[in-house]
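**Q** Below is the file final.cif, which contains mmCIF, C-alpha atoms.
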data_run
loop_
_atom_site.label_atom_id
_atom_site.label_comp_id
_atom_site.auth_asym_id
_atom_site.auth_seq_id
_atom_site.Cartn_x
_atom_site.Cartn_y
_atom_site.Cartn_z
CA MET A 30 86.74 287.87 39.08
CA PRO A 31 89.03 290.42 37.47
CA GLY A 32 92.30 289.01 36.09
CA ASN A 33 94.69 290.03 38.89
CA THR A 34 92.25 288.94 41.60
CA SER A 35 91.68 285.63 39.84
CA ILE A 36 95.44 284.91 39.64
CA LEU A 37 95.86 285.99 43.27
CA LYS A 38 93.09 283.67 44.46
CA GLU A 39 94.44 280.84 42.28
CA THR A 40 97.89 281.29 43.82
CA LEU A 41 96.44 281.38 47.34
CA LEU A 42 94.39 278.24 46.66
CA LEU A 43 97.37 276.32 45.27
CA TRP A 44 99.64 277.50 48.10
CA ALA A 45 97.07 276.49 50.73
CA ILE A 46 96.72 273.00 49.24
CA ALA A 47 100.50 272.65 48.96
CA LYS A 48 100.90 273.70 52.61
CA GLU A 49 98.03 271.64 54.04
CA GLY A 50 98.27 268.59 51.76
CA CYS A 51 94.60 268.05 50.98
CA LEU A 52 91.66 270.39 51.55
CA GLY A 53 87.91 270.07 51.19
CA ARG A 54 85.92 272.56 49.14
CA TYR A 55 84.25 274.18 52.16
CA LYS A 56 87.62 274.79 53.78
CA LEU A 57 88.81 276.34 50.50
CA VAL A 58 85.69 278.56 50.42
CA SER A 59 86.69 279.77 53.89
CA ILE A 60 90.32 280.34 52.90
CA LEU A 61 89.54 282.19 49.68
CA GLU A 62 86.54 284.06 51.10
CA LEU A 63 84.72 283.48 47.84
CA PRO A 64 81.23 282.10 47.25
CA ASP A 65 80.95 278.33 46.95
CA GLY A 66 80.06 278.50 43.25
CA VAL A 67 83.08 280.66 42.40
CA THR A 68 85.39 278.38 44.38
CA ARG A 69 83.91 275.31 42.67
CA GLY A 70 84.44 276.95 39.28
CA LEU A 71 88.06 277.74 40.11
CA LEU A 72 88.64 274.14 41.25
CA THR A 73 87.04 272.83 38.05
CA LYS A 74 89.28 275.07 35.93
CA LEU A 75 92.40 273.97 37.81
CA ALA A 76 91.38 270.29 37.58
CA ARG A 77 90.86 270.57 33.80
CA ARG A 78 94.38 271.98 33.49
CA GLY A 79 95.72 269.10 35.56
CA TYR A 80 96.87 271.23 38.51
CA VAL A 81 94.63 269.67 41.17
CA ARG A 82 92.94 266.34 41.75
CA SER A 83 89.72 266.04 43.72
CA ASN A 84 88.56 263.02 45.66
CA LYS A 85 84.95 263.17 46.80
CA PHE A 86 85.62 261.92 50.33
CA VAL A 87 89.12 263.27 50.89
CA GLY A 88 89.31 266.70 49.27
CA THR A 89 91.52 268.41 46.72
CA SER A 90 95.24 267.77 46.40
CA LEU A 91 97.97 269.23 44.23
CA THR A 92 99.41 267.31 41.28
CA SER A 93 103.07 267.54 40.29
CA LYS A 94 101.93 269.76 37.39
CA GLY A 95 100.12 271.93 39.97
CA LYS A 96 103.28 272.21 42.09
CA ASN A 97 105.19 273.39 39.02
CA HIS A 98 102.43 275.88 38.19
CA LEU A 99 102.53 277.23 41.76
CA ARG A 100 106.31 277.69 41.48
CA GLU A 101 105.76 279.61 38.20
CA LEU A 102 103.10 281.85 39.79
CA LEU A 103 105.38 282.64 42.72
CA SER A 104 108.35 283.16 40.42
CA LYS A 105 106.41 285.74 38.36
CA ARG A 106 106.07 287.71 41.60
CA ARG A 107 109.79 287.10 42.30
CA ILE A 108 108.81 285.22 45.45
CA ARG A 109 111.48 282.84 46.58
CA GLU A 110 109.52 281.64 49.62
CA ILE A 111 106.46 282.38 51.74
CA ALA A 112 106.45 281.46 55.41
CA GLU A 113 104.17 282.07 58.32
CA VAL A 114 105.76 284.24 61.00
CA ASP A 115 104.79 285.68 64.36
CA ALA A 116 104.27 289.31 63.38
CA GLY A 117 103.60 290.28 67.00
CA ASP A 118 107.34 290.63 67.47
CA ILE A 119 107.38 293.59 65.07
CA GLY A 120 104.32 295.32 66.46
CA LEU A 121 101.70 293.85 64.09
CA PRO A 122 98.86 291.42 64.91
CA ARG A 123 100.30 287.94 65.50
CA SER A 124 99.00 286.09 62.40
CA GLY A 125 101.64 286.97 59.89
CA ALA A 126 103.24 285.83 56.70
CA ALA A 127 106.50 286.84 55.09
CA ALA A 128 107.40 286.76 51.42
CA HIS A 129 111.05 286.65 50.43
CA ILE A 130 111.43 288.60 47.17
CA ARG A 131 114.55 288.04 45.07
CA ASP A 132 116.41 291.18 43.94
CA GLY A 133 113.49 293.48 44.71
CA ALA A 134 115.34 296.31 46.47
CA ALA A 135 115.55 298.58 43.42
CA LEU A 136 111.77 298.35 43.00
CA VAL A 137 110.92 299.47 46.55
CA HIS A 138 110.15 303.17 46.96
CA SER A 139 108.57 304.08 50.26
CA GLY A 140 107.21 300.68 51.30
CA LEU A 141 103.74 302.21 51.41
CA GLU A 142 102.87 300.59 48.07
CA GLN A 143 103.35 297.14 49.58
CA ARG A 144 101.47 298.04 52.77
CA ASP A 145 98.53 299.46 50.82
CA ALA A 146 98.37 296.44 48.51
CA ALA A 147 98.41 294.06 51.50
CA ILE A 148 95.62 296.01 53.19
CA ARG A 149 93.52 295.91 50.00
CA ALA A 150 93.89 292.11 50.12
CA GLY A 151 92.56 291.95 53.68
CA ALA A 152 95.70 292.29 55.80
CA VAL A 153 95.77 294.67 58.75
CA GLY A 154 99.22 295.97 57.92
CA ALA A 155 102.54 295.18 56.29
CA ILE A 156 106.16 296.13 56.56
CA THR A 157 108.79 296.04 53.81
CA MET A 158 112.46 295.43 54.59
CA ILE A 159 115.41 295.60 52.21
CA PHE A 160 118.41 293.37 52.90
CA GLN A 161 121.57 295.40 52.35
CA ASP A 162 125.05 295.15 53.88
CA GLY A 163 123.89 292.31 56.13
CA LYS A 164 121.07 294.41 57.64
CA PHE A 165 117.31 294.74 57.17
CA LEU A 166 116.60 298.35 56.23
CA LEU A 167 113.20 300.03 56.33
CA PRO A 168 112.33 302.32 53.41
CA PRO A 169 112.21 305.16 52.59
CA ASP A 170 115.01 306.37 54.91
CA LEU A 171 116.70 302.93 55.14
CA TYR A 172 116.49 302.78 58.91
CA ASP A 173 118.27 299.68 60.29
CA ALA A 174 115.49 297.48 61.74
CA SER A 175 118.00 295.56 63.83
CA ASN A 176 118.49 298.69 65.95
CA GLU A 177 115.08 298.01 67.49
CA ASN A 178 115.17 294.23 67.76
CA ARG A 179 118.25 292.30 66.75
CA LYS A 180 116.67 289.01 67.91
CA ILE A 181 113.91 289.27 65.27
CA THR A 182 116.18 290.34 62.43
CA ASP A 183 118.64 287.56 63.29
CA GLN A 184 115.75 285.06 63.18
CA LEU A 185 114.70 286.41 59.77
CA LYS A 186 118.26 286.05 58.45
CA VAL A 187 118.42 282.43 59.58
CA ARG A 188 114.92 281.61 58.33
CA PHE A 189 115.17 283.20 54.86
CA LYS A 190 118.92 283.40 54.17
CA PRO A 191 118.51 286.61 52.10
CA SER A 192 121.05 287.82 49.58
CA GLU A 193 122.11 291.41 48.99
CA GLY A 194 119.22 293.35 47.43
CA ASP A 195 116.48 290.93 48.49
CA VAL A 196 113.28 292.16 50.11
CA LEU A 197 111.11 290.74 52.87
CA ILE A 198 107.49 291.77 53.05
CA ILE A 199 105.74 290.84 56.28
CA ALA A 200 101.96 291.18 56.38
CA SER A 201 99.70 290.54 59.32
CA ALA A 202 95.99 289.96 59.53
CA ASP A 203 93.27 288.52 61.71
CA SER A 204 93.76 285.16 59.99
CA ARG A 205 96.74 283.37 58.52
CA TRP A 206 95.11 283.18 55.09
CA ARG A 207 94.51 286.94 54.89
CA ALA A 208 98.15 287.50 55.87
CA ILE A 209 99.29 285.18 53.08
CA GLU A 210 96.97 286.82 50.58
CA GLY A 211 98.33 290.17 51.78
CA VAL A 212 101.95 289.26 51.04
CA LEU A 213 100.96 287.82 47.67
CA ARG A 214 99.23 291.09 46.72
CA ALA A 215 102.10 293.18 48.12
CA ALA A 216 104.64 291.16 46.12
CA GLU A 217 102.75 292.10 42.93
CA THR A 218 103.90 295.68 43.44
CA LEU A 219 107.49 294.51 42.92
CA SER A 220 106.99 292.32 39.83
#
So, in terms of structure tokens, how does the structure I just supplied come out?

**A**
Amino acid sequence: MPGNTSILKETLLLWAIAKEGCLGRYKLVSILELPDGVTRGLLTKLARRGYVRSNKFVGTSLTSKGKNHLRELLSKRRIREIAEVDAGDIGLPRSGAAAHIRDGAALVHSGLEQRDAAIRAGAVGAITMIFQDGKFLLPPDLYDASNENRKITDQLKVRFKPSEGDVLIIASADSRWRAIEGVLRAAETLS
């Protein structure tokens, strides 16, 4: 796997284990959409580094060192938090994930860069919103998203508690894991 893809898949794997608690290798193969041998190799590498622990009959779990490594990987992408959201409320397929990016507003141009990166990672679509003056604005013309649906933007404010200049990227896909991989890839465009 090329470097960026390898780090992306590693981040997805660690996030999935952190979210689910303990996962078997075949479930991880399904989540990563990688061949069994590649997934096994990635797990072996992460186990050697002390990030994961595997139990033959239970699955793979995250170590405290792995949790710290996941925080570092997310921090490099400026991701404060990733959460699953119902993207159907904003006109995208329902399986969605949102990434809260710290201080990313100055790095957003048209929002197309994030959408294209999410699609390359398997998402169906993505939307980028800048939090400014208490509103979620859509680039490039900074249209106030709350004009269309205040209920959704209010929910996002409560859920993520954004600060001035933060960015939310919401990706949707046919599966929750592709949506999460989509926001991870999209966040790379802002790091």

**Q** Name the residues captured by the PyMOL selection byres ((chain A and resi 167) around 9) when it is applied to the shown file; answer as a PyMOL selection string.

**A** chain A and resi 139-140+156-159+165-166+168-174

**Q** Using only C-alpha atoms, which residues sit within 9 Å of Gln161 (chain A) once same-chain residues fewer than 4 positions away are excluded, as a list in words?

**A**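 The residues satisfying every condition are Ala134, Phe165, Leu166, Ser192, Glu193, Gly194 and Asp195 of chain A.
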
**Q** Please provide as JSON, numbers by chain all residues within 10 Å of Ala200 (chain A), with the sequence filter that same-chain residues fewer than 3 positions apart are discarded (counting all atoms listed in the file).

**A** {"A": [113, 114, 116, 121, 122, 123, 124, 125, 126, 127, 128, 143, 144, 147, 148, 151, 152, 153, 154, 155, 156, 157, 197, 205, 207, 208, 209, 210, 211, 212, 213, 215]}

**Q** I need the output of the PyMOL selection byres ((chain A and resi 87) around 8) for this file as a VMD selection string; which residues are they?

**A** chain A and resid 51 to 53 83 to 86 88 to 89

**Q** Tell me, as a ChimeraX atom specification, which residues lie within 12 Å of Gly70 (chain A), counting all atoms listed in the file; anything in the same chain fewer than 5 positions away does not count.

**A** /A:30,35,39,54,58,63-65,75-77

**Q** Measuring atom to atom with all atoms listed in the file, identify which of A:Ala150, A:Gly163, A:Thr68, A:Trp206 is nearest to Val187 (chain A).

**A**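 The answer is A:Gly163, which sits nearest to Val187 (chain A).
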
**Q** Please measure the separation of CA of Glu101 (chain A) and CA of Leu72 (chain A), giving the value in Å to one decimal.

**A**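 Calculated distance between CA of Glu101 (chain A) and CA of Leu72 (chain A) is 18.2 Å.
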
**Q** Which protein, DNA or RNA residues are at most 6 Å from (97.7, 269.4, 47.0) in the file's coordinates when you count all atoms listed in the file, listed as a list in words?

**A** Ile46, Ala47, Gly50, Cys51, Ser90 and Leu91 of chain A

**Q** Using Å and a single decimal, report how far CA of Thr40 (chain A) sits from CA of Leu102 (chain A).

**A**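 Atom-to-atom, CA of Leu102 (chain A) and CA of Thr40 (chain A) are spaced 6.6 Å apart.
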
**Q** Report, in Å to a single decimal, how far apart CA of Ala146 (chain A) and CA of Arg78 (chain A) are.

**A** 29.0 Å

**Q** Using only C-alpha atoms, find the one residue out of A:Glu177, A:Ser204, A:Thr73, A:His129 that sits nearest to Ile60 (chain A).

**A**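 Looking at the shortest contact to Ile60 (chain A), the residue is A:Ser204.
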
**Q** Point out the residue among A:Glu49, A:Arg106, A:Leu41, A:Ser220 with the least atom-to-atom distance to Leu136 (chain A), counting all atoms listed in the file.

**A**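 Checking each candidate against Leu136 (chain A), we get A:Ser220 as the closest.
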
**Q** Rank nothing, just name the residue among A:Val137, A:Thr182, A:Pro191, A:Lys164 nearest to Thr218 (chain A), using all atoms listed in the file.

**A**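 Smallest distance to Thr218 (chain A) is found for A:Val137.
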